[in-house]
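Take a look at the structure below.
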Amino acid sequence: MSQALHTPPPAPARPIPDEGDLAALAARHGLTVSGARPTLREYVRQLWDRRHFILAFSRAKLTAQYSQAKLGQLWQVATPLLNAAVYFFIFGLLLGARRGIPHEIYVPFLVTGVFVFTFTQSSVLAGVRAISGNLGLVRALHFPRASLPVSFALQQLQQLLYSMLVLVVVVMAFGSLPALSWLLVIPALLLQFVFNTGLALIFARMGSKTPDLAQLMPFVLRTWMYASGVMFSIPAMLHDKDVPGWLADVLQWNPAAVYMDLIRFAMIDGYGSSYLPPHVWAFALGWALLAGVIGFVYFWKAEERYGRG
């Protein structure tokens, strides 16, 4: 006699919890979204906690930059010096760009401009590639991504400090001896570093989604250099030109020109306050705060998207 098989009744379907219930469940057990953007205050704290990594990473990059070259770290100062020599020949001798500047201070004027502008230029170019050029690191480890552009800006500051030793020799060779005004270089460079870091953060976010930006930026930066008075004095060059007053103000108050003028004023005896635009320190501080704050917030807004897709 066959025994009847009994199939147990199906279990009642459980209701699918909505997103609110899941979020509450995750919060109750201390779960968070992987890679979620922290609050701005928490982000600053995380970045400060990684300060030793930022410094070590910048030093490692600086050491490795010329590791394959026979002259090694000498290229840190040789490259801007060679650029200054080329600009002196083309602009100082052939095109007469030293107009309005005493002959004995034109060389330190030019070398200072090249060194200081190169600081900003290199920070921006490094920032463009900060995320897109380090995707392996970004995808493998969890850390505040702002560490990378900040580290690259710090690397360029360290490189500038090497160049400043050469600048001191050049300035003294042309008759400008150390004075108390040289101490003004410290706040000027700190403000420029904050400004450069802000730019590096802005272009790091832009470059993370548009890698071709790295090919365009050298042309943009070269145009900026020619408009910033690296090779000539802006007020002297525009003195008898029929240009609108607002254009002359824009050229003198652009941040690259402001930081160059401050360091020239601090270190070169013959470069007096008559070459400076009014309220120059206020503009230096304003540019630093504007670029630093906007750049940091702009970069933080996309924190969870870096290295994805």
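As shown in the structure tokens, the chain order sets the letters A, B, ...; within each chain, residues go from 1, and ligands are also counted from 1 in the order they appear.
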
Write out as a VMD selection string which residues come within 10 Å of A:Leu190 when counting only C-alpha atoms, dropping same-chain ones fewer than 6 positions away.
-> chain A and resid 157 196 285 288

Do you know which residues are at most 8 Å from A:Thr112 counting only C-alpha atoms, after dropping those on the same chain fewer than 4 positions away, and could you put them as a PyMOL selection string?
-> chain A and resi 108+116+167+260+263-264

Write out as a PyMOL selection string which residues come within 10 Å of A:Leu247 when counting only C-alpha atoms, dropping same-chain ones fewer than 5 positions away.
-> chain A and resi 238+252-253

Between A:Gly307, A:Gly295, A:Ala236, A:Phe203, which has the minimum distance to A:Ser274 (counting only C-alpha atoms)?
-> A:Ala236

Selection: 8 Å around A:Arg205, only C-alpha atoms, excl. self and same-chain fewer than 3 positions, as a list in words | Val128, Ile131, Leu201, Ile202, Ser208, Lys209, Tyr298, Phe299 and Ala302 of chain A

Go ahead and dump the residues you just picked, C-alpha atoms, as a PDB file, in the first residue's frame.
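Generated output (part32.pdb):
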ATOM      1  CA  VAL A 128      46.041  68.037 -13.177  1.00  0.00           C
ATOM      2  CA  ILE A 131      44.320  61.702  -9.521  1.00  0.00           C
ATOM      3  CA  LEU A 201      42.884  70.859  -6.002  1.00  0.00           C
ATOM      4  CA  ILE A 202      40.648  72.483  -8.612  1.00  0.00           C
ATOM      5  CA  SER A 208      40.331  63.229 -12.962  1.00  0.00           C
ATOM      6  CA  LYS A 209      37.427  63.242 -15.450  1.00  0.00           C
ATOM      7  CA  TYR A 298      35.319  71.970  -4.844  1.00  0.00           C
ATOM      8  CA  PHE A 299      37.619  68.963  -4.579  1.00  0.00           C
ATOM      9  CA  ALA A 302      33.593  64.891  -5.591  1.00  0.00           C
TER      10      ALA A 302
END

Please provide the set of residues having any atom within 10 Å of A:Ala179, restricted to only C-alpha atoms, with same-chain residues fewer than 4 positions apart removed, written as a list in words.
->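 Near neighbours after the sequence-gap exclusion: Leu183, Ala266, Met267, Ile268 and Asp269 of chain A.
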
Given only C-alpha atoms as the counted atoms, nearest of A:Phe283, A:Tyr162, A:Tyr43, A:Tyr259 to A:Val230 = A:Tyr259

Point-to-point distance in Å for atom CA of A:Gln159 and atom CA of A:Phe143 |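 We find that atom CA of A:Phe143 and atom CA of A:Gln159 lie 25.2 Å from each other.
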
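Ranking A:Leu213, A:Ile101, A:Leu47, A:Leu74 by their shortest atom-to-atom distance to A:His142, with only C-alpha atoms included, puts A:Leu47 first.
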
Have a look at A:Trp287, A:Phe296, A:Tyr306, A:Phe195 and name the one nearest to A:Asn134; count only C-alpha atoms.
->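 That would be A:Tyr306, the residue with the smallest distance to A:Asn134.
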
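The two atoms in question, atom CA of A:Ala64 and atom CA of A:Arg222, are spaced 25.7 Å apart.
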
Neighbours of A:Val280 within 8 Å (only C-alpha atoms; same-chain residues fewer than 2 positions away dropped), as a PyMOL selection string?
-> chain A and resi 253+258+262+276-278+282-284

For the selection just defined, write its residues with C-alpha atoms to a file, as a CSV table (one decimal), in the first residue's frame.
chain,number,residue,atom,x,y,z
A,253,TRP,CA,46.5,92.3,-9.9
A,258,VAL,CA,51.2,89.8,-7.3
A,262,LEU,CA,56.2,90.8,-3.5
A,276,LEU,CA,53.9,97.5,-6.9
A,277,PRO,CA,50.1,97.9,-7.4
A,278,PRO,CA,48.2,99.5,-4.5
A,282,ALA,CA,45.6,92.5,0.6
A,283,PHE,CA,45.4,91.0,-2.9
A,284,ALA,CA,48.0,88.4,-2.1

Gap from atom CA of A:Leu177 to atom CA of A:Leu81 - Å, one decimal |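 Separation between atom CA of A:Leu177 and atom CA of A:Leu81: 20.5 Å.
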
Which of stretch 111-255 of chain A fall in helix (DSSP H, G or I), as an MDAnalysis selection string | chainID A and resid 111:128 132:140 147:173 180:209 213:226 234:237 245:253 255

Grab the residues selected above and save them as a JSON list (two decimals), in the first residue's frame with C-alpha atoms.
[["chain", "number", "residue", "atom", "x", "y", "z"],
["A", 111, "VAL", "CA", 65.38, 85.09, -12.43],
["A", 112, "THR", "CA", 62.99, 85.83, -9.56],
["A", 113, "GLY", "CA", 60.04, 85.95, -11.95],
["A", 114, "VAL", "CA", 60.97, 82.66, -13.60],
["A", 115, "PHE", "CA", 61.48, 80.85, -10.29],
["A", 116, "VAL", "CA", 58.29, 82.15, -8.68],
["A", 117, "PHE", "CA", 56.07, 81.58, -11.71],
["A", 118, "THR", "CA", 57.52, 78.09, -12.20],
["A", 119, "PHE", "CA", 56.34, 77.32, -8.65],
["A", 120, "THR", "CA", 52.73, 78.05, -9.63],
["A", 121, "GLN", "CA", 53.04, 76.49, -13.08],
["A", 122, "SER", "CA", 54.46, 73.21, -11.79],
["A", 123, "SER", "CA", 51.87, 72.99, -9.00],
["A", 124, "VAL", "CA", 49.02, 73.30, -11.51],
["A", 125, "LEU", "CA", 50.51, 70.78, -13.94],
["A", 126, "ALA", "CA", 51.14, 68.30, -11.12],
["A", 127, "GLY", "CA", 47.62, 68.86, -9.81],
["A", 128, "VAL", "CA", 46.04, 68.04, -13.18],
["A", 132, "SER", "CA", 44.44, 60.44, -13.11],
["A", 133, "GLY", "CA", 48.16, 59.65, -12.82],
["A", 134, "ASN", "CA", 47.81, 57.74, -9.54],
["A", 135, "LEU", "CA", 44.70, 55.63, -10.12],
["A", 136, "GLY", "CA", 46.38, 52.49, -8.78],
["A", 137, "LEU", "CA", 46.97, 54.16, -5.44],
["A", 138, "VAL", "CA", 43.51, 55.76, -5.40],
["A", 139, "ARG", "CA", 41.73, 52.48, -6.09],
["A", 140, "ALA", "CA", 43.83, 50.33, -3.79],
["A", 147, "SER", "CA", 46.34, 64.25, 0.05],
["A", 148, "LEU", "CA", 47.63, 63.83, -3.50],
["A", 149, "PRO", "CA", 47.28, 67.38, -4.91],
["A", 150, "VAL", "CA", 48.37, 68.85, -1.57],
["A", 151, "SER", "CA", 51.43, 66.60, -1.62],
["A", 152, "PHE", "CA", 52.30, 67.64, -5.17],
["A", 153, "ALA", "CA", 52.00, 71.33, -4.27],
["A", 154, "LEU", "CA", 54.26, 70.69, -1.27],
["A", 155, "GLN", "CA", 56.74, 68.96, -3.56],
["A", 156, "GLN", "CA", 56.92, 72.06, -5.74],
["A", 157, "LEU", "CA", 57.43, 74.25, -2.65],
["A", 158, "GLN", "CA", 60.40, 72.10, -1.60],
["A", 159, "GLN", "CA", 61.80, 72.36, -5.10],
["A", 160, "LEU", "CA", 61.42, 76.14, -5.01],
["A", 161, "LEU", "CA", 63.36, 76.31, -1.74],
["A", 162, "TYR", "CA", 66.33, 74.71, -3.51],
["A", 163, "SER", "CA", 65.99, 77.29, -6.26],
["A", 164, "MET", "CA", 65.85, 80.11, -3.71],
["A", 165, "LEU", "CA", 69.42, 79.30, -2.69],
["A", 166, "VAL", "CA", 70.51, 80.02, -6.25],
["A", 167, "LEU", "CA", 68.33, 83.12, -6.34],
["A", 168, "VAL", "CA", 70.07, 84.46, -3.24],
["A", 169, "VAL", "CA", 73.43, 84.08, -5.00],
["A", 170, "VAL", "CA", 72.15, 85.82, -8.14],
["A", 171, "VAL", "CA", 70.59, 88.70, -6.20],
["A", 172, "MET", "CA", 73.74, 89.26, -4.11],
["A", 173, "ALA", "CA", 75.94, 89.07, -7.21],
["A", 180, "LEU", "CA", 65.22, 92.75, 6.99],
["A", 181, "SER", "CA", 62.99, 93.07, 3.94],
["A", 182, "TRP", "CA", 64.09, 89.58, 2.93],
["A", 183, "LEU", "CA", 61.91, 88.23, 5.74],
["A", 184, "LEU", "CA", 58.87, 89.28, 3.68],
["A", 185, "VAL", "CA", 59.67, 86.34, 1.39],
["A", 186, "ILE", "CA", 58.32, 83.95, 4.04],
["A", 187, "PRO", "CA", 54.71, 85.22, 4.19],
["A", 188, "ALA", "CA", 54.72, 85.83, 0.43],
["A", 189, "LEU", "CA", 55.71, 82.22, -0.31],
["A", 190, "LEU", "CA", 53.25, 80.85, 2.26],
["A", 191, "LEU", "CA", 50.40, 82.78, 0.64],
["A", 192, "GLN", "CA", 51.51, 81.60, -2.80],
["A", 193, "PHE", "CA", 51.66, 78.02, -1.55],
["A", 194, "VAL", "CA", 48.06, 78.23, -0.32],
["A", 195, "PHE", "CA", 47.04, 79.74, -3.66],
["A", 196, "ASN", "CA", 48.90, 77.05, -5.61],
["A", 197, "THR", "CA", 47.38, 74.28, -3.50],
["A", 198, "GLY", "CA", 43.90, 75.61, -4.20],
["A", 199, "LEU", "CA", 44.60, 75.61, -7.93],
["A", 200, "ALA", "CA", 46.07, 72.10, -7.73],
["A", 201, "LEU", "CA", 42.88, 70.86, -6.00],
["A", 202, "ILE", "CA", 40.65, 72.48, -8.61],
["A", 203, "PHE", "CA", 42.55, 71.05, -11.55],
["A", 204, "ALA", "CA", 42.97, 67.67, -9.87],
["A", 205, "ARG", "CA", 39.19, 67.25, -9.85],
["A", 206, "MET", "CA", 38.87, 68.53, -13.42],
["A", 207, "GLY", "CA", 41.75, 66.35, -14.63],
["A", 208, "SER", "CA", 40.33, 63.23, -12.96],
["A", 209, "LYS", "CA", 37.43, 63.24, -15.45],
["A", 213, "LEU", "CA", 43.25, 68.69, -19.81],
["A", 214, "ALA", "CA", 46.89, 67.82, -19.10],
["A", 215, "GLN", "CA", 47.67, 68.43, -22.79],
["A", 216, "LEU", "CA", 45.90, 71.79, -22.85],
["A", 217, "MET", "CA", 47.24, 73.31, -19.63],
["A", 218, "PRO", "CA", 50.81, 74.04, -20.86],
["A", 219, "PHE", "CA", 49.37, 76.40, -23.48],
["A", 220, "VAL", "CA", 47.11, 78.10, -20.92],
["A", 221, "LEU", "CA", 49.97, 78.48, -18.45],
["A", 222, "ARG", "CA", 52.31, 79.85, -21.10],
["A", 223, "THR", "CA", 49.76, 82.53, -21.98],
["A", 224, "TRP", "CA", 49.39, 83.34, -18.28],
["A", 225, "MET", "CA", 53.17, 83.65, -17.94],
["A", 226, "TYR", "CA", 53.43, 86.14, -20.82],
["A", 234, "ILE", "CA", 53.90, 95.64, -16.40],
["A", 235, "PRO", "CA", 53.57, 99.33, -15.41],
["A", 236, "ALA", "CA", 56.71, 100.28, -17.35],
["A", 237, "MET", "CA", 55.58, 98.38, -20.43],
["A", 245, "GLY", "CA", 42.87, 101.33, -17.28],
["A", 246, "TRP", "CA", 40.95, 98.21, -16.26],
["A", 247, "LEU", "CA", 43.23, 96.04, -18.40],
["A", 248, "ALA", "CA", 46.33, 97.42, -16.72],
["A", 249, "ASP", "CA", 44.75, 96.73, -13.32],
["A", 250, "VAL", "CA", 43.86, 93.16, -14.30],
["A", 251, "LEU", "CA", 47.42, 92.48, -15.43],
["A", 252, "GLN", "CA", 48.97, 93.93, -12.27],
["A", 253, "TRP", "CA", 46.51, 92.32, -9.86],
["A", 255, "PRO", "CA", 47.87, 86.48, -8.67]]
